[in-house]
Number of protein chains: 2
Amino acid sequence: MVDQGISVSNCSFSQILDVDLELRGGDPFRRYIIFTHILSVSNIRAFSSTINRRATPSTPARPFPGEYDAPKIVSAIPGPESKKLSQELDKRQDTRTQHFFVDYKKSKGNYVVDADGNVMLDILCSIASHSIGYNAPALVEAARSEEWVTALINRPATGVQPSTTWPGVIENGIMSVAPKGLNQVFTAMCGSCANETAYKAVFMHHMRKVRGDAPYTQEELQSCMKNEAPGAPNLSIMSFKGGFHGRLFGSLSTTRSKALHKIDIPAFDWPQASFPALKYPLEQFEAENRKEEDRCLKEVEEVIEKNKGKVVGLIVEPIQGEGGDNYATPYFFQKLRKITKEHDVALIVDEVQTGVGATGKFWAHEHWDLDTPPDVVTFSKKMQAAGFYHSMDLRNFNTWLGDPIRALQASVIIKEIKDNHLLENVQVTGEYLKNGLEKLRSKHTDLVSNVRGVGTFLAFDLPTPELQDKFLRILRQKGVEATGSGTRSIRFRPMLIFAPKHAQQFLDLAEEVLQQLKA
Amino acid sequence: MVDQGISVSNCSFSQILDVDLELRGGDPFRRYIIFTHILSVSNIRAFSSTINRRATPSTPARPFPGEYDAPKIVSAIPGPESKKLSQELDKRQDTRTQHFFVDYKKSKGNYVVDADGNVMLDILCSIASHSIGYNAPALVEAARSEEWVTALINRPATGVQPSTTWPGVIENGIMSVAPKGLNQVFTAMCGSCANETAYKAVFMHHMRKVRGDAPYTQEELQSCMKNEAPGAPNLSIMSFKGGFHGRLFGSLSTTRSKALHKIDIPAFDWPQASFPALKYPLEQFEAENRKEEDRCLKEVEEVIEKNKGKVVGLIVEPIQGEGGDNYATPYFFQKLRKITKEHDVALIVDEVQTGVGATGKFWAHEHWDLDTPPDVVTFSKKMQAAGFYHSMDLRNFNTWLGDPIRALQASVIIKEIKDNHLLENVQVTGEYLKNGLEKLRSKHTDLVSNVRGVGTFLAFDLPTPELQDKFLRILRQKGVEATGSGTRSIRFRPMLIFAPKHAQQFLDLAEEVLQQLKA
């Protein structure tokens, strides 16, 4: 755009997009830079109004049919109806973590409607799990099709009696967005299962390399039945402090987010290393951050050396999405890839929360520009289907092997992301929101700090856990559903259809909350 | 029936059922006895033809609309179409365990139709996961409803943003069949997850008892972050040799079915005890079997004593459904309940495969007539929803907390089981099939042995793993889809709508296979 000398403020959004589409063949990183560059703060409001006026399929922020205009609060949250339902459910299930009960029939696009009729802008989205809008028309239509009904009510043991439609669903859906260099996929039920089965795959793959063509020994066959080495080998998956990888026994042994997630549960004695604690904005602290990243990389190497031959996998989130929205730079991940390669440690990238577009690329690790791909990339949440991409020869098995109906849902989500240019929408909206957050920060320096993130996967910090809690409570009463990350961050996990106008609604309400916190 | 002097051979099935229904208020065990007693071998064929002629909703084996009459084989299995699909999928996933590809649109009732148009009687049913028939009309209708569509495409993080419909779905569906004495349910994604989250619950519950009202110590909070005791306590769940409880890291540490399930995967050093190796038929070997069960019970106590304070849970299947269809008597389970109570060890009954009607009762452990209920009962497969019943105070959490669409499916399945008296159908068909198998055994004593089971959860043995394999391969080519259990058993895991006529089709084809094995 800039290279071609077109004046940004005079061109329509669809023109920009056309140029962007032409650039698709080129370097995606360069394309991203151009795109975000032209959308500077001074221009964004003009774009935003252009976006809101237009409704062609090629605009990133195509209006969601029937979406609410704004939050609308009619009761305290949770209101009397939510409280009644909570009392009812409490006899059967723990309700302490629940915010309110949702009327999913009435929820539309970016807005969630609760049992009492409160309409809230949702930037939590069932912990980053929704993508193309509540009751997205494409999903409603698909759900009524014979193909979906058949898949839903006849869930097969795919490892034994797979559906005739399965190879096509995998090929045209989940595999159509496979990370570069990974040509296979293992499907599972949820994010924790995706990580656990990935660890199993890594262990089996490692042992196959060690064993070569030799058959299992009698000692291995017998000892594994007693949960003893060598059959049940003393191997480990290392992870980073602050990382979150799930709550089952293997995945929880790699989770290091907070004590409440881990306490009272037996764990494998798998090791950990420090994750960089960077200073924001990154551009301002380059030298310091580089030093911090080098320190952590050194620690990774030391842990591997210290546990020589035992650490066979390392799992890392592109952004620590539960442990405080902690970032590292592409440099860090490039070095991490190099270290893991050198030590024959499988690099497992946990994209359960970062994947499927939230960072403005389909996979967050695409931002790293790696020479060789990760060994494993796990997914769930926004994909609705769960599992992991890889290139290993596997014998991983269980009854369901994932759920075909969720694989079908993934196909529709992927198609909507492509057809409606939702990655571009995330880039545009993310830039707009980030700039708005920076303004809040410069206005409220005593409260807001560390604005950070990529795409709409953004966060900022408040001074204390108490203020984090208070901010979220007041914000909800004003009509925004959100949660924190770590002990003092506010995180953004909106859908991919979150447009600048939604971002502006958040910014206006956040300003009110911050004023209230000061008062 | 017998008490009331009605001549069985002269009364219609619906009359018998009416009497049965009157008995519902009474002792269920007595009802079962009466029911199976009247259905002696000599009468069963008369009933069977009565059943097949009648189509009122009150007959257990109401004909499935549009069901095929019999298996129909048109190609080798797998045929050319299945092989083509397998080659296609093999680029993306391991296909080695797959039998053939299924056309789920064409499959009906008890018959599965493969990619090549072969119609097979299915007694495997995606490893015991189907219950009310392929494309059951009640499920087709429900799947098209707005309620299902909404639940399917807006899957919530139920622990945070549950649906307004959730309390009702839980109460009227899954909780309506809660095992006696258990008043809460934790929902999960699959059988392995159900067991893993149950273990977590048991560990947390134990630690809460130990800790009392005291807060977590700093040492606990810090050590758990390093996967070390006391925060990550050195506690265990014990299990039985031959047991199968799933394939994730915690559940796999309790699985003891075969080495191929466990080898190369790190495991917790959790202990095991022997499961009784009974002789069949049980009635003939009462004294010997009692001795064997006492031996195993003693071992259980020894393991608990040896690991004093460390074993806080014990998991057991009512029937070891992967490890060889091994049974124990109610006496064994009653004693097991007594021992676990005395030692404050939580008794976890894994009903993932045995639950939801296959034994002629909704839960297999209802056959045991326990004084106090198990502490935990886990479920999945035929329920389609997964999770565990319990009575503990919990703080177990994850993103999905199960899948509401599967809870809705469970509700329909439960209603169909009740409305169509499918438990009674299982009792009738099971008795018929077991008698037929006994006839096969007496005719082919060199090949068939150890006919055993309850309801249609039946099995018999062949002399060797090679003959087990050969029997299954020839049987499939004749139009029956089945698998083995353990190394030489053939297992029955048909749907709850499996009627005597289907059983007879199996028996006729099995006779042919046995003849062929002799030739």
# chains A, B, ... in the order shown; residues from 1 in each chain; ligands from 1
$ select_by_dssp --residues "segment 342-444 of chain A" --states "strand (DSSP E)" --output "PyMOL selection string"
chain A and resi 346-350+376-379+386-390
$ write_last_selection --atoms "N, CA, C and O atoms" --output "tab-separated table (two decimals), in the first residue's frame"
chain	number	residue	atom	x	y	z
A	346	ALA	N	11.52	-32.99	21.67
A	346	ALA	CA	10.40	-32.58	20.82
A	346	ALA	C	9.84	-31.24	21.30
A	346	ALA	O	9.58	-31.06	22.49
A	347	LEU	N	9.66	-30.30	20.38
A	347	LEU	CA	9.07	-29.01	20.72
A	347	LEU	C	7.56	-29.09	20.50
A	347	LEU	O	7.10	-29.23	19.36
A	348	ILE	N	6.81	-29.00	21.59
A	348	ILE	CA	5.34	-29.07	21.54
A	348	ILE	C	4.80	-27.67	21.75
A	348	ILE	O	5.01	-27.08	22.81
A	349	VAL	N	4.15	-27.12	20.75
A	349	VAL	CA	3.59	-25.78	20.89
A	349	VAL	C	2.10	-25.91	21.22
A	349	VAL	O	1.33	-26.49	20.46
A	350	ASP	N	1.74	-25.42	22.38
A	350	ASP	CA	0.36	-25.52	22.88
A	350	ASP	C	-0.42	-24.30	22.37
A	350	ASP	O	-0.33	-23.21	22.92
A	376	VAL	N	5.21	-30.72	17.33
A	376	VAL	CA	3.79	-30.94	17.63
A	376	VAL	C	3.12	-29.59	17.87
A	376	VAL	O	3.72	-28.71	18.50
A	377	VAL	N	1.92	-29.43	17.33
A	377	VAL	CA	1.11	-28.25	17.63
A	377	VAL	C	-0.27	-28.74	18.10
A	377	VAL	O	-0.95	-29.45	17.36
A	378	THR	N	-0.64	-28.38	19.34
A	378	THR	CA	-1.92	-28.85	19.88
A	378	THR	C	-2.99	-27.76	19.75
A	378	THR	O	-2.68	-26.58	19.74
A	379	PHE	N	-4.23	-28.19	19.65
A	379	PHE	CA	-5.34	-27.24	19.48
A	379	PHE	C	-6.61	-27.74	20.16
A	379	PHE	O	-6.76	-28.92	20.44
A	386	ALA	N	-10.58	-30.92	18.89
A	386	ALA	CA	-9.30	-30.86	19.60
A	386	ALA	C	-8.35	-31.90	19.02
A	386	ALA	O	-8.77	-32.82	18.34
A	387	GLY	N	-7.06	-31.72	19.31
A	387	GLY	CA	-6.09	-32.69	18.84
A	387	GLY	C	-4.72	-32.09	18.68
A	387	GLY	O	-4.42	-31.05	19.26
A	388	PHE	N	-3.86	-32.77	17.91
A	388	PHE	CA	-2.54	-32.20	17.65
A	388	PHE	C	-2.04	-32.58	16.26
A	388	PHE	O	-2.30	-33.67	15.77
A	389	TYR	N	-1.36	-31.62	15.65
A	389	TYR	CA	-0.68	-31.84	14.38
A	389	TYR	C	0.72	-32.37	14.68
A	389	TYR	O	1.34	-31.97	15.67
A	390	HIS	N	1.22	-33.19	13.78
A	390	HIS	CA	2.55	-33.76	13.98
A	390	HIS	C	3.02	-34.40	12.68
A	390	HIS	O	2.28	-34.37	11.67
$ residues_around --residues "Val426 of chain B" --least-positions-apart "2" --cutoff "6 Å" --atoms "only C-alpha atoms" --output "ChimeraX atom specification"
/B:360,423-424,428-430,455-456,496
$ atom_distance --atom1 "atom CA of Tyr216 of chain A" --atom2 "atom CA of Leu462 of chain B"
26.6 Å
$ calpha_fit_rmsd --fixed "chain A" --moving "chain B"
0.1 Å
$ residues_around --residues "Asn118 of chain A" --least-positions-apart "3" --cutoff "7 Å" --atoms "only C-alpha atoms" --output "PDB file with N, CA and C atoms, in the first residue's frame"
ATOM      1  N   LYS A  72     -26.763  -4.004  27.333  1.00  0.00           N
ATOM      2  CA  LYS A  72     -27.969  -3.448  27.953  1.00  0.00           C
ATOM      3  C   LYS A  72     -28.162  -4.183  29.284  1.00  0.00           C
ATOM      4  N   ILE A  73     -28.116  -3.434  30.350  1.00  0.00           N
ATOM      5  CA  ILE A  73     -28.160  -4.058  31.683  1.00  0.00           C
ATOM      6  C   ILE A  73     -29.512  -3.777  32.338  1.00  0.00           C
ATOM      7  N   VAL A  74     -30.187  -4.830  32.742  1.00  0.00           N
ATOM      8  CA  VAL A  74     -31.520  -4.687  33.337  1.00  0.00           C
ATOM      9  C   VAL A  74     -31.591  -5.165  34.784  1.00  0.00           C
ATOM     10  N   SER A  75     -30.503  -5.788  35.264  1.00  0.00           N
ATOM     11  CA  SER A  75     -30.500  -6.240  36.667  1.00  0.00           C
ATOM     12  C   SER A  75     -29.053  -6.319  37.146  1.00  0.00           C
ATOM     13  N   VAL A 113     -26.332 -13.111  26.302  1.00  0.00           N
ATOM     14  CA  VAL A 113     -27.522 -12.672  27.034  1.00  0.00           C
ATOM     15  C   VAL A 113     -27.739 -13.612  28.211  1.00  0.00           C
ATOM     16  N   ASP A 114     -27.872 -13.071  29.402  1.00  0.00           N
ATOM     17  CA  ASP A 114     -28.002 -13.948  30.565  1.00  0.00           C
ATOM     18  C   ASP A 114     -29.473 -14.261  30.883  1.00  0.00           C
TER      19      ASP A 114
END
$ residues_around --residues "Glu228 of chain B" --least-positions-apart "5" --cutoff "9 Å" --atoms "only C-alpha atoms" --output "list in words"
Pro266, Ala267, Phe268 and Asp269 of chain A; Glu220, Gln222, Ser223, Pro233 and Asn234 of chain B
$ closest_residue --among "A:Tyr280, A:Phe332, A:Phe186, A:Phe362" --to "chain B" --atoms "only C-alpha atoms"
A:Phe186
$ residues_around --residues "Cys125 of chain B" --least-positions-apart "4" --cutoff "8 Å" --atoms "only C-alpha atoms" --output "PyMOL selection string"
chain B and resi 129-130+493-495
$ write_last_selection --atoms "C-alpha atoms" --output "PDB file, in the first residue's frame"
ATOM      1  CA  SER B 129     -21.081 -47.064  22.817  1.00  0.00           C
ATOM      2  CA  HIS B 130     -24.367 -47.352  20.934  1.00  0.00           C
ATOM      3  CA  ARG B 493     -21.514 -55.510  23.309  1.00  0.00           C
ATOM      4  CA  PRO B 494     -24.735 -55.179  21.317  1.00  0.00           C
ATOM      5  CA  MET B 495     -27.222 -52.346  21.654  1.00  0.00           C
TER       6      MET B 495
END
$ atom_distance --atom1 "atom CA of Val356 of chain B" --atom2 "atom CA of Val454 of chain B"
13.2 Å
